[in-house]
Structures are given as structure tokens and as C-alpha cells.
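Enquirer: Just so it is clear, I am handing over upload_30.pdb, which has PDB, C-alpha atoms, pLDDT in the B column.
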MODEL        1
ATOM      1  CA  MET A   1       0.000   0.000   0.000  1.00 50.00           C
ATOM      2  CA  ASN A   2       2.798   2.446   0.721  1.00 49.00           C
ATOM      3  CA  SER A   3       4.165   3.251  -2.709  1.00 42.00           C
ATOM      4  CA  SER A   4       7.650   4.156  -1.415  1.00 45.00           C
ATOM      5  CA  SER A   5       8.280   0.549  -0.331  1.00 46.00           C
ATOM      6  CA  ASN A   6       7.072  -1.031  -3.585  1.00 45.00           C
ATOM      7  CA  ALA A   7       9.705  -2.465  -5.912  1.00 50.00           C
ATOM      8  CA  THR A   8       7.801  -1.075  -8.904  1.00 70.00           C
ATOM      9  CA  HIS A   9       6.614   2.449  -8.261  1.00 86.00           C
ATOM     10  CA  ILE A  10       2.919   3.023  -8.917  1.00 93.00           C
ATOM     11  CA  PRO A  11       2.332   6.768  -9.302  1.00 94.00           C
ATOM     12  CA  PRO A  12      -0.384   8.519  -7.300  1.00 96.00           C
ATOM     13  CA  PRO A  13      -3.224  10.154  -9.199  1.00 96.00           C
ATOM     14  CA  PRO A  14      -3.647  13.943  -8.959  1.00 96.00           C
ATOM     15  CA  VAL A  15      -5.844  14.808  -5.947  1.00 97.00           C
ATOM     16  CA  MET A  16      -7.638  18.114  -5.248  1.00 97.00           C
ATOM     17  CA  TRP A  17      -8.894  18.929  -1.745  1.00 97.00           C
ATOM     18  CA  ALA A  18     -10.896  21.500   0.188  1.00 96.00           C
ATOM     19  CA  GLN A  19     -12.483  21.549   3.639  1.00 94.00           C
ATOM     20  CA  ARG A  20     -15.303  22.838   5.773  1.00 93.00           C
ATOM     21  CA  LYS A  21     -15.630  22.628   9.569  1.00 92.00           C
ATOM     22  CA  ASP A  22     -17.336  19.232   9.356  1.00 95.00           C
ATOM     23  CA  LYS A  23     -16.112  17.678   6.092  1.00 95.00           C
ATOM     24  CA  LEU A  24     -13.381  17.293   3.493  1.00 96.00           C
ATOM     25  CA  PHE A  25     -13.851  17.391  -0.273  1.00 96.00           C
ATOM     26  CA  LEU A  26     -11.401  15.217  -2.224  1.00 97.00           C
ATOM     27  CA  THR A  27     -11.367  14.759  -5.982  1.00 97.00           C
ATOM     28  CA  VAL A  28      -9.153  12.044  -7.439  1.00 97.00           C
ATOM     29  CA  GLN A  29      -8.563  13.150 -11.020  1.00 96.00           C
ATOM     30  CA  LEU A  30      -8.288   9.925 -12.992  1.00 96.00           C
ATOM     31  CA  GLU A  31     -10.155   9.644 -16.292  1.00 95.00           C
ATOM     32  CA  ASN A  32     -11.735   6.366 -17.393  1.00 94.00           C
ATOM     33  CA  CYS A  33     -11.270   4.816 -13.971  1.00 93.00           C
ATOM     34  CA  VAL A  34     -13.724   1.962 -13.479  1.00 85.00           C
ATOM     35  CA  ASN A  35     -14.092  -0.123 -10.315  1.00 90.00           C
ATOM     36  CA  PRO A  36     -11.309   1.458  -8.245  1.00 95.00           C
ATOM     37  CA  THR A  37     -10.269  -0.095  -4.942  1.00 97.00           C
ATOM     38  CA  ILE A  38     -11.167   2.359  -2.186  1.00 97.00           C
ATOM     39  CA  THR A  39     -10.667   1.813   1.531  1.00 97.00           C
ATOM     40  CA  LEU A  40     -11.664   4.490   4.043  1.00 97.00           C
ATOM     41  CA  LYS A  41     -10.468   4.027   7.616  1.00 97.00           C
ATOM     42  CA  ASP A  42     -10.628   6.235  10.730  1.00 96.00           C
ATOM     43  CA  ASN A  43      -7.553   8.181   9.673  1.00 96.00           C
ATOM     44  CA  SER A  44      -6.763   7.233   6.074  1.00 97.00           C
ATOM     45  CA  LEU A  45      -7.889   6.772   2.493  1.00 98.00           C
ATOM     46  CA  TYR A  46      -6.421   4.127   0.212  1.00 98.00           C
ATOM     47  CA  PHE A  47      -7.104   4.454  -3.511  1.00 97.00           C
ATOM     48  CA  HIS A  48      -5.999   2.152  -6.334  1.00 97.00           C
ATOM     49  CA  GLY A  49      -7.344   2.490  -9.840  1.00 96.00           C
ATOM     50  CA  LYS A  50      -6.505   2.044 -13.490  1.00 95.00           C
ATOM     51  CA  GLY A  51      -7.076   4.973 -15.818  1.00 93.00           C
ATOM     52  CA  GLY A  52      -5.726   8.105 -17.396  1.00 89.00           C
ATOM     53  CA  THR A  53      -4.489   8.496 -20.956  1.00 86.00           C
ATOM     54  CA  SER A  54      -2.219   5.440 -20.741  1.00 89.00           C
ATOM     55  CA  ASN A  55      -4.767   3.385 -18.744  1.00 91.00           C
ATOM     56  CA  SER A  56      -2.069   2.669 -16.170  1.00 94.00           C
ATOM     57  CA  ASP A  57      -2.255   1.880 -12.455  1.00 95.00           C
ATOM     58  CA  HIS A  58      -2.408   4.712  -9.920  1.00 96.00           C
ATOM     59  CA  GLU A  59      -2.263   4.260  -6.168  1.00 96.00           C
ATOM     60  CA  VAL A  60      -2.154   6.452  -3.090  1.00 97.00           C
ATOM     61  CA  LEU A  61      -2.451   6.014   0.670  1.00 97.00           C
ATOM     62  CA  MET A  62      -3.268   9.274   2.413  1.00 97.00           C
ATOM     63  CA  GLU A  63      -2.977   9.385   6.189  1.00 97.00           C
ATOM     64  CA  PHE A  64      -5.156  12.249   7.379  1.00 97.00           C
ATOM     65  CA  ASN A  65      -4.116  14.886   9.888  1.00 96.00           C
ATOM     66  CA  LYS A  66      -7.058  13.939  12.149  1.00 96.00           C
ATOM     67  CA  ASP A  67      -9.768  11.286  12.340  1.00 96.00           C
ATOM     68  CA  ILE A  68     -12.625  10.967   9.868  1.00 97.00           C
ATOM     69  CA  ASP A  69     -15.925   9.077   9.984  1.00 96.00           C
ATOM     70  CA  PRO A  70     -15.734   6.368   7.293  1.00 96.00           C
ATOM     71  CA  GLU A  71     -19.340   5.263   7.965  1.00 96.00           C
ATOM     72  CA  THR A  72     -20.941   8.580   6.939  1.00 96.00           C
ATOM     73  CA  SER A  73     -18.398   9.491   4.231  1.00 96.00           C
ATOM     74  CA  LYS A  74     -19.365   9.003   0.591  1.00 95.00           C
ATOM     75  CA  TYR A  75     -17.777   8.858  -2.838  1.00 95.00           C
ATOM     76  CA  HIS A  76     -18.980   8.869  -6.432  1.00 94.00           C
ATOM     77  CA  VAL A  77     -17.111   7.513  -9.458  1.00 93.00           C
ATOM     78  CA  THR A  78     -17.686   9.537 -12.636  1.00 91.00           C
ATOM     79  CA  GLY A  79     -16.045   9.071 -16.011  1.00 85.00           C
ATOM     80  CA  ARG A  80     -13.461  11.750 -15.268  1.00 92.00           C
ATOM     81  CA  GLU A  81     -12.846  11.598 -11.522  1.00 95.00           C
ATOM     82  CA  VAL A  82     -13.748  10.093  -8.167  1.00 95.00           C
ATOM     83  CA  ILE A  83     -15.419  12.632  -5.856  1.00 95.00           C
ATOM     84  CA  PHE A  84     -15.278  12.126  -2.087  1.00 96.00           C
ATOM     85  CA  VAL A  85     -17.207  13.877   0.681  1.00 96.00           C
ATOM     86  CA  ILE A  86     -15.391  12.752   3.800  1.00 96.00           C
ATOM     87  CA  MET A  87     -16.999  13.584   7.116  1.00 97.00           C
ATOM     88  CA  LYS A  88     -14.738  14.633   9.983  1.00 96.00           C
ATOM     89  CA  LYS A  89     -15.246  12.928  13.332  1.00 94.00           C
ATOM     90  CA  GLU A  90     -16.954  15.156  15.860  1.00 88.00           C
ATOM     91  CA  ASP A  91     -13.830  15.538  18.016  1.00 87.00           C
ATOM     92  CA  SER A  92     -11.704  16.415  14.955  1.00 87.00           C
ATOM     93  CA  SER A  93     -14.139  18.899  13.421  1.00 88.00           C
ATOM     94  CA  GLY A  94     -13.071  22.462  12.798  1.00 91.00           C
ATOM     95  CA  PHE A  95     -10.515  23.608  10.272  1.00 92.00           C
ATOM     96  CA  TRP A  96      -7.423  21.430   9.996  1.00 94.00           C
ATOM     97  CA  PRO A  97      -4.059  23.140   9.455  1.00 93.00           C
ATOM     98  CA  ARG A  98      -3.351  20.618   6.649  1.00 94.00           C
ATOM     99  CA  LEU A  99      -4.926  17.518   5.111  1.00 96.00           C
ATOM    100  CA  LEU A 100      -2.194  14.973   5.750  1.00 97.00           C
ATOM    101  CA  LYS A 101      -0.562  13.813   8.971  1.00 95.00           C
ATOM    102  CA  ASP A 102       2.901  14.361   7.499  1.00 94.00           C
ATOM    103  CA  SER A 103       3.671  18.048   6.980  1.00 93.00           C
ATOM    104  CA  LYS A 104       5.918  17.275   3.991  1.00 94.00           C
ATOM    105  CA  LYS A 105       4.462  18.682   0.741  1.00 93.00           C
ATOM    106  CA  VAL A 106       3.406  16.021  -1.767  1.00 95.00           C
ATOM    107  CA  HIS A 107       3.389  16.699  -5.503  1.00 95.00           C
ATOM    108  CA  TYR A 108       0.057  15.026  -6.294  1.00 97.00           C
ATOM    109  CA  LEU A 109      -2.031  17.056  -3.795  1.00 97.00           C
ATOM    110  CA  LYS A 110      -3.440  20.462  -4.775  1.00 96.00           C
ATOM    111  CA  THR A 111      -5.929  22.856  -3.184  1.00 94.00           C
ATOM    112  CA  ASP A 112      -9.351  22.935  -4.822  1.00 94.00           C
ATOM    113  CA  PHE A 113      -9.922  26.702  -4.795  1.00 91.00           C
ATOM    114  CA  GLU A 114     -13.427  26.391  -6.296  1.00 90.00           C
ATOM    115  CA  LYS A 115     -14.609  24.510  -3.208  1.00 89.00           C
ATOM    116  CA  TRP A 116     -12.266  26.068  -0.663  1.00 83.00           C
ATOM    117  CA  ARG A 117     -13.628  28.158   2.224  1.00 78.00           C
ATOM    118  CA  ASP A 118     -11.558  29.758   4.986  1.00 73.00           C
ATOM    119  CA  GLU A 119     -12.587  29.575   8.619  1.00 70.00           C
ATOM    120  CA  ASP A 120     -14.003  33.099   8.499  1.00 68.00           C
ATOM    121  CA  ASP A 121     -16.019  32.197   5.370  1.00 62.00           C
ATOM    122  CA  SER A 122     -17.810  29.333   7.097  1.00 45.00           C
ATOM    123  CA  ASP A 123     -21.101  31.246   7.329  1.00 48.00           C
ATOM    124  CA  VAL A 124     -21.165  31.625   3.527  1.00 47.00           C
ATOM    125  CA  GLU A 125     -23.524  29.224   1.761  1.00 46.00           C
ATOM    126  CA  ASP A 126     -21.621  26.336   0.103  1.00 43.00           C
ATOM    127  CA  HIS A 127     -23.298  26.804  -3.283  1.00 43.00           C
ATOM    128  CA  GLU A 128     -23.033  30.581  -3.393  1.00 41.00           C
ATOM    129  CA  ASP A 129     -21.624  31.817  -6.680  1.00 41.00           C
ATOM    130  CA  PHE A 130     -19.267  34.734  -6.784  1.00 43.00           C
ATOM    131  CA  ASN A 131     -20.716  37.354  -9.138  1.00 48.00           C
ATOM    132  CA  LEU A 132     -18.433  40.369  -9.661  1.00 49.00           C
ATOM    133  CA  ASP A 133     -21.014  42.385 -11.642  1.00 53.00           C
ATOM    134  CA  GLU A 134     -23.635  41.956  -8.933  1.00 52.00           C
ATOM    135  CA  MET A 135     -21.133  42.866  -6.222  1.00 48.00           C
ATOM    136  CA  MET A 136     -19.992  45.990  -8.072  1.00 48.00           C
ATOM    137  CA  GLN A 137     -23.596  47.032  -8.707  1.00 51.00           C
ATOM    138  CA  SER A 138     -24.437  46.729  -5.018  1.00 51.00           C
ATOM    139  CA  MET A 139     -21.382  48.862  -4.234  1.00 47.00           C
ATOM    140  CA  GLY A 140     -22.637  51.421  -6.759  1.00 49.00           C
ATOM    141  CA  GLY A 141     -19.778  51.667  -9.171  1.00 46.00           C
ATOM    142  CA  LEU A 142     -17.725  50.610 -12.170  1.00 44.00           C
ATOM    143  CA  GLN A 143     -20.438  49.480 -14.536  1.00 41.00           C
ATOM    144  CA  GLY A 144     -21.697  51.285 -17.602  1.00 44.00           C
ATOM    145  CA  GLY A 145     -18.371  53.031 -18.202  1.00 44.00           C
ATOM    146  CA  GLY A 146     -19.847  56.454 -17.358  1.00 46.00           C
ATOM    147  CA  ALA A 147     -17.749  59.438 -16.332  1.00 48.00           C
ATOM    148  CA  ALA A 148     -16.742  59.969 -12.740  1.00 49.00           C
ATOM    149  CA  PRO A 149     -19.138  62.206 -10.786  1.00 49.00           C
ATOM    150  CA  ASP A 150     -18.216  65.922 -10.609  1.00 54.00           C
ATOM    151  CA  LEU A 151     -17.119  66.668  -7.060  1.00 53.00           C
ATOM    152  CA  GLY A 152     -16.858  70.406  -7.662  1.00 55.00           C
ATOM    153  CA  ASP A 153     -14.002  72.536  -6.406  1.00 56.00           C
ATOM    154  CA  GLN A 154     -13.486  70.774  -3.108  1.00 55.00           C
ATOM    155  CA  GLU A 155     -10.121  71.527  -1.587  1.00 58.00           C
ATOM    156  CA  ASP A 156      -8.178  68.472  -0.553  1.00 57.00           C
ATOM    157  CA  SER A 157      -6.376  68.571   2.785  1.00 57.00           C
ATOM    158  CA  ASP A 158      -3.289  67.169   1.022  1.00 60.00           C
ATOM    159  CA  ASP A 159      -3.095  70.170  -1.309  1.00 59.00           C
ATOM    160  CA  GLU A 160      -0.780  72.166   0.891  1.00 66.00           C
ATOM    161  CA  ASP A 161       2.203  74.020  -0.531  1.00 71.00           C
ATOM    162  CA  LEU A 162       4.890  71.481  -1.244  1.00 69.00           C
ATOM    163  CA  PRO A 163       8.529  72.341  -1.878  1.00 73.00           C
ATOM    164  CA  ASP A 164       9.758  72.095  -5.487  1.00 75.00           C
ATOM    165  CA  LEU A 165      11.533  68.944  -6.569  1.00 77.00           C
ATOM    166  CA  GLN A 166      15.270  69.380  -6.955  1.00 71.00           C
TER     167      GLN A 166
ENDMDL
END
What's the C-alpha cells form of this structure?

Expert:
Amino acid sequence: MNSSSNATHIPPPPVMWAQRKDKLFLTVQLENCVNPTITLKDNSLYFHGKGGTSNSDHEVLMEFNKDIDPETSKYHVTGREVIFVIMKKEDSSGFWPRLLKDSKKVHYLKTDFEKWRDEDDSDVEDHEDFNLDEMMQSMGGLQGGGAAPDLGDQEDSDDEDLPDLQ
């Protein structure tokens, strides 16, 4: 299971991740993967599947930073990826400082910025779409390309006599 001890190295698939207080979102990006071997335990996920452009084997064992609840966690295999919603155990809920137990950076793991929320964003609805036009309209500016409003001859407090440049 641990790919570093295998005589023949099986590469890990690319994995994207994001979190909320109570769950993790993992996406294993492996096209044409059918019937993968998936084992969820209290603190780990094992994935082995065949797929990708060369239809080769991919394998990864991820030991999580804290405990998860394998019973209530789910996954869905699509034609392009395997999507996981992994529930955190009650005593390990909250935002984790990192996904994996080992703090060493791994090349196959990337942050899923589309699903990512920071701790202070936790009150934002999960499915809320970011709409720049709507935001700018509510702030009252930058659409329509009109001219800036005329503020008249207001004197600015910065407009004091400044010495000439030398």
C-alpha cells in the first residue's frame, strides 16, 4: 500500500482537496477509472485504480491529519474523476491546518480553490456563486463606463504648498 516501499513504483493520481468545519472534499482526477479499490479508515484513504491516458495503475495512501468518519463518508465515481465527501469525526471537526498527517508537501495534492472556504467564510452558503457584476452594482460603481461624478471645487487637505523637486 505504501508506494515508497514497492519495488515497482505506482504513481499517485492527482488529488484536489478542500475543507469545511465538518467535512473534506477530495477529488481524485483519474479519467476512465472503473471499479477502483477504495478503503476508508478512521484516519486514512487508500485508492488504487486504473485509468488516465495510458490506462495505467495509480495508487495512493493518504494518512489524514485527524480522524474521519468512514461510515458517513461518501464517494462517487464519474467518467473523469472520483469525488469524495469525507466527514470529519466530531472531536476532529473544525478547520485542519493541513490535510495529511505528514507536513511534507506532496506533488500530487493540490488545493481545490473552487470549493475552498476559509474559517471566516464558514457562514457563507456552500453553493453561493461569486458574481463580480452583482457585487460591483451593489457597491454602486464601475459598470456602464460612465464618467466619474463631478465633485466640484473641493479643496483636498493634502493640497498644501509642497517644496519644489530638486

Enquirer: If you count only C-alpha atoms, which residues fall within 8 Å of Ser44 (chain A), apart from same-chain ones fewer than 3 positions away, as a ChimeraX atom specification?

Expert: /A:40-41,61-64,68

Enquirer: Nearest residue to Lys89 (chain A) out of A:Pro36, A:Pro70, A:Gly52, A:Pro163, using all atoms listed in the file?

Expert: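 That would be A:Pro70, the residue with the smallest distance to Lys89 (chain A).
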
Enquirer: Applying 10 Å and only C-alpha atoms, which residues near Asp22 (chain A) remain after dropping the ones on its own chain fewer than 6 positions away? List them as an MDAnalysis selection string.

Expert: chainID A and resid 68 86:90 92:95

Enquirer: Interatomic distance between CA of Val106 (chain A) and CA of Trp17 (chain A)?

Expert: 12.6 Å

Enquirer: Report as AutoDock Vina command-line options the centre and the edge lengths, in Å to one decimal, of the axis-aligned box holding every listed atom of region 95-99 of chain A, padded by 4 Å on each side.

Expert:
--center_x -6.9 --center_y 20.6 --center_z 7.7 --size_x 15.2 --size_y 14.1 --size_z 13.2

Enquirer: Using only C-alpha atoms, list the residues that have an atom at most 8 Å from (-1.8, 12.3, -9.9), coordinates as in the file, as a list in words.

Expert: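 Output of the proximity query reads Pro11, Pro12, Pro13, Pro14, Val15, Val28, Gln29, Leu30, His58, Tyr108 and Leu109 of chain A.
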